[in-house]
>>> print(open('start-v9.txt').read())   # compact mmCIF, C-alpha atoms
# COMPACT_ATOMS: atom_id res chain seq x y z
CA MET A 1 90.50 102.36 113.35
CA VAL A 2 92.79 100.66 115.80
CA LEU A 3 96.25 99.35 115.02
CA SER A 4 96.43 95.75 116.23
CA PRO A 5 99.59 94.32 117.83
CA ALA A 6 100.27 92.51 114.54
CA ASP A 7 99.92 95.81 112.63
CA LYS A 8 102.38 97.52 114.98
CA THR A 9 104.88 94.68 114.55
CA ASN A 10 104.55 94.88 110.75
CA ILE A 11 104.96 98.65 110.75
CA LYS A 12 108.00 98.65 113.01
CA SER A 13 109.75 95.84 111.19
CA THR A 14 109.13 97.53 107.83
CA TRP A 15 110.59 100.77 109.15
CA ASP A 16 113.63 98.92 110.50
CA LYS A 17 114.24 97.45 107.04
CA ILE A 18 113.86 100.84 105.39
CA GLY A 19 116.66 102.10 107.59
CA GLY A 20 118.36 105.21 106.26
CA HIS A 21 116.42 105.15 102.97
CA ALA A 22 113.24 106.68 104.38
CA GLY A 23 114.17 110.12 103.11
CA ASP A 24 114.77 108.83 99.56
CA TYR A 25 111.46 107.00 99.60
CA GLY A 26 109.67 110.11 100.86
CA GLY A 27 111.09 112.08 97.94
CA GLU A 28 110.15 109.36 95.45
CA ALA A 29 106.61 109.16 96.82
CA LEU A 30 106.25 112.92 96.37
CA ASP A 31 107.54 112.66 92.75
CA ARG A 32 104.96 109.95 92.08
CA THR A 33 102.21 112.01 93.67
CA PHE A 34 103.00 115.09 91.59
CA GLN A 35 103.14 113.06 88.38
CA SER A 36 100.04 110.90 88.90
CA PHE A 37 97.96 113.59 90.58
CA PRO A 38 99.02 116.98 89.19
CA THR A 39 96.47 118.89 91.27
CA THR A 40 98.65 118.18 94.32
CA LYS A 41 101.29 120.52 92.91
CA THR A 42 99.05 123.39 93.92
CA TYR A 43 100.42 123.24 97.45
CA PHE A 44 103.97 123.87 96.25
CA PRO A 45 103.89 126.94 93.99
CA HIS A 46 107.19 128.02 95.52
CA PHE A 47 109.00 124.76 94.69
CA ASP A 48 110.91 123.50 91.69
CA LEU A 49 108.87 120.32 91.08
CA SER A 50 110.92 118.85 88.24
CA PRO A 51 112.04 115.22 88.80
CA GLY A 52 115.10 115.08 91.04
CA SER A 53 114.46 118.55 92.48
CA ALA A 54 116.52 119.23 95.59
CA GLN A 55 113.52 120.93 97.22
CA VAL A 56 111.35 117.86 96.68
CA LYS A 57 114.08 115.62 98.06
CA ALA A 58 114.38 117.82 101.15
CA HIS A 59 110.63 117.82 101.62
CA GLY A 60 110.57 114.05 101.18
CA LYS A 61 113.03 113.83 104.06
CA LYS A 62 110.74 115.98 106.26
CA VAL A 63 107.80 113.71 105.49
CA ALA A 64 109.93 110.63 106.21
CA ASP A 65 111.17 112.03 109.52
CA ALA A 66 107.60 112.72 110.60
CA LEU A 67 106.59 109.16 109.70
CA THR A 68 109.60 107.80 111.60
CA THR A 69 108.46 109.76 114.65
CA ALA A 70 104.98 108.34 114.19
CA VAL A 71 106.39 104.78 114.06
CA ALA A 72 108.13 105.41 117.39
CA HIS A 73 104.84 106.55 118.95
CA LEU A 74 102.24 104.17 117.54
CA ASP A 75 100.44 104.20 120.89
CA ASP A 76 99.99 107.95 120.88
CA LEU A 77 99.81 109.28 117.33
CA PRO A 78 97.66 112.32 118.26
CA GLY A 79 100.20 113.38 120.88
CA ALA A 80 103.27 112.75 118.74
CA LEU A 81 101.84 114.51 115.67
CA SER A 82 100.04 117.33 117.47
CA ALA A 83 102.24 120.15 116.14
CA LEU A 84 102.04 118.80 112.59
CA SER A 85 98.31 118.48 112.99
CA ASP A 86 98.10 122.18 113.91
CA LEU A 87 100.29 123.08 110.93
CA HIS A 88 98.16 121.18 108.41
CA ALA A 89 94.88 122.47 109.88
CA TYR A 90 95.60 126.13 110.44
CA LYS A 91 98.31 126.97 107.99
CA LEU A 92 98.63 124.48 105.12
CA ARG A 93 94.99 123.41 104.84
CA VAL A 94 95.79 120.43 102.63
CA ASP A 95 92.51 118.93 101.41
CA PRO A 96 92.14 115.57 103.21
CA VAL A 97 91.70 113.68 99.93
CA ASN A 98 95.34 114.42 99.10
CA PHE A 99 96.64 112.40 102.05
CA LYS A 100 95.17 109.28 100.44
CA LEU A 101 97.00 110.06 97.22
CA LEU A 102 100.35 110.47 98.98
CA SER A 103 99.70 107.31 101.04
CA HIS A 104 99.02 105.38 97.83
CA CYS A 105 102.29 106.60 96.34
CA LEU A 106 104.19 105.76 99.53
CA LEU A 107 102.85 102.21 99.35
CA VAL A 108 103.81 101.84 95.67
CA THR A 109 107.30 103.19 96.46
CA LEU A 110 107.76 100.73 99.31
CA ALA A 111 106.47 97.87 97.12
CA CYS A 112 109.07 98.78 94.48
CA HIS A 113 111.98 98.76 96.91
CA HIS A 114 110.97 95.93 99.24
CA PRO A 115 108.95 93.52 97.07
CA ASN A 116 109.63 90.44 99.15
CA GLU A 117 108.60 91.97 102.46
CA PHE A 118 105.50 93.62 101.00
CA THR A 119 103.09 90.77 101.66
CA PRO A 120 99.33 91.44 101.64
CA ALA A 121 99.33 91.51 105.46
CA VAL A 122 102.19 94.02 105.66
CA HIS A 123 100.55 96.07 102.90
CA ALA A 124 97.30 96.16 104.90
CA SER A 125 99.09 97.17 108.14
CA LEU A 126 100.97 100.00 106.40
CA ASP A 127 97.77 101.20 104.74
CA LYS A 128 96.14 101.36 108.17
CA PHE A 129 99.17 103.20 109.57
CA PHE A 130 99.14 105.87 106.84
CA THR A 131 95.38 106.24 107.24
CA ALA A 132 95.79 106.70 111.00
CA VAL A 133 98.49 109.35 110.46
CA SER A 134 96.29 111.12 107.87
CA THR A 135 93.37 111.11 110.29
CA VAL A 136 95.48 112.79 112.98
CA LEU A 137 96.81 115.39 110.53
CA THR A 138 93.28 116.36 109.44
CA SER A 139 91.66 116.08 112.87
CA LYS A 140 91.73 119.78 113.70
CA TYR A 141 90.37 121.06 110.39
CA ARG A 142 86.99 121.94 111.84
CA MET B 1 92.47 113.62 81.41
CA ALA B 2 92.77 111.73 78.12
CA LEU B 3 95.37 109.03 77.49
CA SER B 4 98.20 110.68 75.57
CA GLY B 5 100.19 108.91 72.88
CA GLU B 6 102.98 108.38 75.41
CA ASP B 7 100.56 106.90 77.96
CA ARG B 8 99.25 104.41 75.40
CA ALA B 9 102.71 103.41 74.23
CA ALA B 10 103.87 102.94 77.83
CA VAL B 11 100.86 100.81 78.83
CA ARG B 12 101.13 98.65 75.70
CA ALA B 13 104.86 98.13 76.23
CA LEU B 14 104.37 97.13 79.86
CA TRP B 15 101.57 94.73 78.94
CA ARG B 16 103.84 93.03 76.37
CA LYS B 17 106.37 92.58 79.16
CA LEU B 18 103.76 91.06 81.51
CA GLY B 19 103.07 88.44 78.84
CA GLY B 20 101.11 85.47 80.13
CA ASN B 21 101.48 86.48 83.79
CA VAL B 22 98.71 89.07 83.95
CA GLY B 23 96.41 86.50 85.60
CA ILE B 24 98.90 85.93 88.42
CA TYR B 25 99.19 89.65 89.10
CA ALA B 26 95.44 90.28 88.96
CA THR B 27 94.95 87.43 91.44
CA GLU B 28 97.53 88.93 93.79
CA ALA B 29 95.81 92.31 93.43
CA LEU B 30 92.49 90.73 94.42
CA GLU B 31 94.11 89.09 97.46
CA ARG B 32 95.60 92.42 98.52
CA THR B 33 92.23 94.14 98.02
CA PHE B 34 90.46 91.61 100.25
CA CYS B 35 93.24 91.91 102.86
CA SER B 36 93.51 95.72 103.00
CA PHE B 37 89.86 96.50 102.35
CA PRO B 38 87.74 93.73 103.90
CA ALA B 39 84.46 95.42 102.89
CA THR B 40 85.21 94.36 99.29
CA LYS B 41 84.72 90.74 100.33
CA ALA B 42 81.01 91.50 100.49
CA TYR B 43 80.78 91.05 96.72
CA PHE B 44 82.02 87.46 96.96
CA PRO B 45 79.90 85.71 99.60
CA HIS B 46 79.88 82.62 97.40
CA PHE B 47 83.68 82.40 97.14
CA ASP B 48 86.33 80.76 99.23
CA LEU B 49 88.50 83.83 99.88
CA SER B 50 91.33 82.13 101.75
CA PRO B 51 94.86 82.71 100.36
CA GLY B 52 95.54 80.53 97.32
CA SER B 53 91.84 79.95 96.65
CA ALA B 54 91.17 78.46 93.21
CA GLN B 55 88.08 80.63 92.83
CA VAL B 56 90.08 83.82 93.44
CA LYS B 57 92.71 82.64 90.92
CA ALA B 58 90.01 82.01 88.32
CA HIS B 59 88.50 85.40 88.99
CA GLY B 60 91.92 87.02 88.76
CA GLN B 61 92.27 85.51 85.30
CA LYS B 62 88.90 86.99 84.27
CA VAL B 63 90.00 90.44 85.49
CA ALA B 64 93.32 90.00 83.67
CA ASP B 65 91.62 89.04 80.41
CA ALA B 66 89.37 92.10 80.63
CA LEU B 67 92.35 94.39 81.24
CA THR B 68 94.25 92.81 78.35
CA ALA B 69 91.23 93.42 76.11
CA ALA B 70 91.17 97.03 77.34
CA VAL B 71 94.86 97.47 76.45
CA ALA B 72 94.03 96.24 72.93
CA HIS B 73 91.29 98.86 72.61
CA LEU B 74 92.78 101.96 74.19
CA ASP B 75 91.11 104.08 71.51
CA ASP B 76 87.64 102.95 72.50
CA LEU B 77 87.51 101.85 76.13
CA PRO B 78 83.80 102.65 76.63
CA GLY B 79 82.91 100.56 73.59
CA ALA B 80 85.22 97.67 74.45
CA LEU B 81 84.06 97.55 78.09
CA SER B 82 80.39 98.24 77.46
CA ALA B 83 79.15 94.77 78.35
CA LEU B 84 81.31 94.59 81.47
CA GLY B 85 80.11 98.07 82.42
CA ALA B 86 76.49 96.96 82.24
CA LEU B 87 77.31 93.84 84.26
CA HIS B 88 79.05 95.77 87.04
CA ALA B 89 76.42 98.49 87.20
CA HIS B 90 73.15 96.63 86.82
CA ARG B 91 73.85 93.15 88.09
CA LEU B 92 76.88 93.22 90.37
CA ARG B 93 76.27 96.76 91.63
CA VAL B 94 79.88 97.34 92.63
CA ASP B 95 80.37 100.68 94.35
CA PRO B 96 82.64 102.63 91.95
CA ALA B 97 84.94 103.55 94.87
CA HIS B 98 85.95 99.90 95.07
CA PHE B 99 87.35 99.90 91.56
CA GLN B 100 89.91 102.42 92.78
CA LEU B 101 90.89 100.12 95.63
CA LEU B 102 91.53 97.29 93.19
CA SER B 103 93.44 99.68 90.92
CA HIS B 104 95.63 100.71 93.84
CA CYS B 105 96.35 97.07 94.69
CA LEU B 106 97.12 96.30 91.07
CA LEU B 107 99.64 99.15 90.96
CA VAL B 108 101.26 97.93 94.19
CA THR B 109 101.42 94.38 92.77
CA LEU B 110 103.04 95.50 89.52
CA ALA B 111 105.46 97.72 91.46
CA ARG B 112 106.59 94.69 93.47
CA HIS B 113 107.19 92.54 90.41
CA TYR B 114 108.59 95.19 88.06
CA PRO B 115 110.26 97.74 90.32
CA GLY B 116 112.61 98.91 87.58
CA ASP B 117 109.71 99.60 85.23
CA LEU B 118 107.34 101.31 87.61
CA GLY B 119 109.01 104.71 87.85
CA PRO B 120 106.86 107.82 88.43
CA ALA B 121 106.06 108.33 84.71
CA MET B 122 104.95 104.71 84.09
CA HIS B 123 103.04 104.79 87.39
CA ALA B 124 101.18 107.91 86.22
CA SER B 125 100.34 106.38 82.80
CA LEU B 126 99.08 103.16 84.39
CA HIS B 127 97.05 105.11 86.91
CA LYS B 128 95.41 107.06 84.08
CA PHE B 129 94.70 103.86 82.16
CA LEU B 130 93.10 102.19 85.18
CA SER B 131 91.07 105.35 85.88
CA HIS B 132 89.72 105.22 82.33
CA VAL B 133 88.83 101.54 82.75
CA THR B 134 87.10 102.40 86.03
CA SER B 135 85.17 105.23 84.37
CA ALA B 136 84.05 102.92 81.58
CA LEU B 137 82.89 100.28 84.10
CA ALA B 138 81.15 102.82 86.34
CA SER B 139 79.55 104.83 83.56
CA ARG B 140 76.31 102.90 83.72
CA CYS B 141 75.90 103.33 87.48
CA GLY B 142 73.24 105.73 88.67
>>> encode(input="start-v9.txt", output="structure tokens")
Amino acid sequence: MVLSPADKTNIKSTWDKIGGHAGDYGGEALDRTFQSFPTTKTYFPHFDLSPGSAQVKAHGKKVADALTTAVAHLDDLPGALSALSDLHAYKLRVDPVNFKLLSHCLLVTLACHHPNEFTPAVHASLDKFFTAVSTVLTSKYR
Amino acid sequence: MALSGEDRAAVRALWRKLGGNVGIYATEALERTFCSFPATKAYFPHFDLSPGSAQVKAHGQKVADALTAAVAHLDDLPGALSALGALHAHRLRVDPAHFQLLSHCLLVTLARHYPGDLGPAMHASLHKFLSHVTSALASRCG
């Protein structure tokens, strides 16, 4: 799946609008994921997963920072996310289906906070972007 | 995962809030589904699928009416949706995976229009409700 020039424009402009809130949104998306899909909590036995947890917020910021890096390197996602790809493949081994769940929750979070910008076209571009990132992160599994 | 008493109360309360606008939101959800997941257009070769299409609006209203009926029968979704289940399985032959895509787009649509109401707990209850509707519609497949 290739990101078209229009997709890249949509992704970058959305990320510009998000500005410094990316970390908050990452945390919120994780909260949503844990509540809607409780099996995902299995990857965080060492975390306090109650709503508002500082650990979840901090992890949300990590996820957001990685996505921000990805946005800055839309032309070379495999290169930019190579270390994270290794981490998820060899150490974390997150089942690929869970990336879709987090992506869904990221999209719902963004829709909540930026309803006017979240047109069907922008929604589609962001969905493609998260799918592309997920593909890179699971590319070294086997 | 059965719908708890809290899930039912939350879904009913939200549906009361949506009032007569459910058709508008279901239509937007369909538009988003066609935009993000073009393969779903295959089920509507006889429709004009351009934005604002009257046929898509009419179909959105049908989807909305079915969901409203489901909300009124949360204690017996398989029974209430039996006829629609047979229709989708035997005549329309919709791949069950596509129901989840529409559910996702419906959640995104509601998040845009009711950001204050779509916190993680409501999101989880709605997701469960839509999963039960999907199960009821897909139960006659295969």
>>> atom_distance(input="start-v9.txt", atom1="CA of Leu126 in chain B", atom2="CA of Ile18 in chain A")
25.8 Å
>>> atom_distance(input="start-v9.txt", atom1="CA of Gly19 in chain A", atom2="CA of Glu117 in chain A")
13.9 Å
>>> closest_atom_pairs(input="start-v9.txt", of="chain A", to="chain B", cutoff="6 Å", atoms="only C-alpha atoms", output="JSON lines")
{"residue": "A:Arg32", "atom": "CA", "partner": "B:Pro120", "partner_atom": "CA", "distance": 4.6}
{"residue": "A:Gln35", "atom": "CA", "partner": "B:Ala124", "partner_atom": "CA", "distance": 5.9}
{"residue": "A:Ser36", "atom": "CA", "partner": "B:Ala124", "partner_atom": "CA", "distance": 4.2}
{"residue": "A:Val108", "atom": "CA", "partner": "B:Val108", "partner_atom": "CA", "distance": 4.9}
{"residue": "A:Ala111", "atom": "CA", "partner": "B:Arg112", "partner_atom": "CA", "distance": 4.8}
{"residue": "A:Cys112", "atom": "CA", "partner": "B:Pro115", "partner_atom": "CA", "distance": 4.5}
{"residue": "A:Pro115", "atom": "CA", "partner": "B:Arg112", "partner_atom": "CA", "distance": 4.5}
{"residue": "A:Pro120", "atom": "CA", "partner": "B:Arg32", "partner_atom": "CA", "distance": 5.0}
{"residue": "A:Ala124", "atom": "CA", "partner": "B:Ser36", "partner_atom": "CA", "distance": 4.3}
>>> closest_residue(input="start-v9.txt", among="A:Ala70, A:Phe37, A:Pro51, A:Trp15", to="Ser131 in chain B", atoms="all atoms listed in the file")
A:Phe37
>>> closest_residue(input="start-v9.txt", among="A:Ala80, A:Val71, A:Tyr43, A:Asp24", to="Ala58 in chain A", atoms="only C-alpha atoms")
A:Asp24
>>> axis_aligned_box(input="start-v9.txt", around="range 21-34 of chain A", padding_each_side="4 Å", output="JSON")
{"center_x": 109.3, "center_y": 110.1, "center_z": 98.0, "size_x": 22.2, "size_y": 17.9, "size_z": 20.8}
>>> residues_around(input="start-v9.txt", residues="Leu84 in chain A", least_positions_apart="6", cutoff="9 Å", atoms="only C-alpha atoms", output="list in words")
Ala66, Val136 and Leu137 of chain A
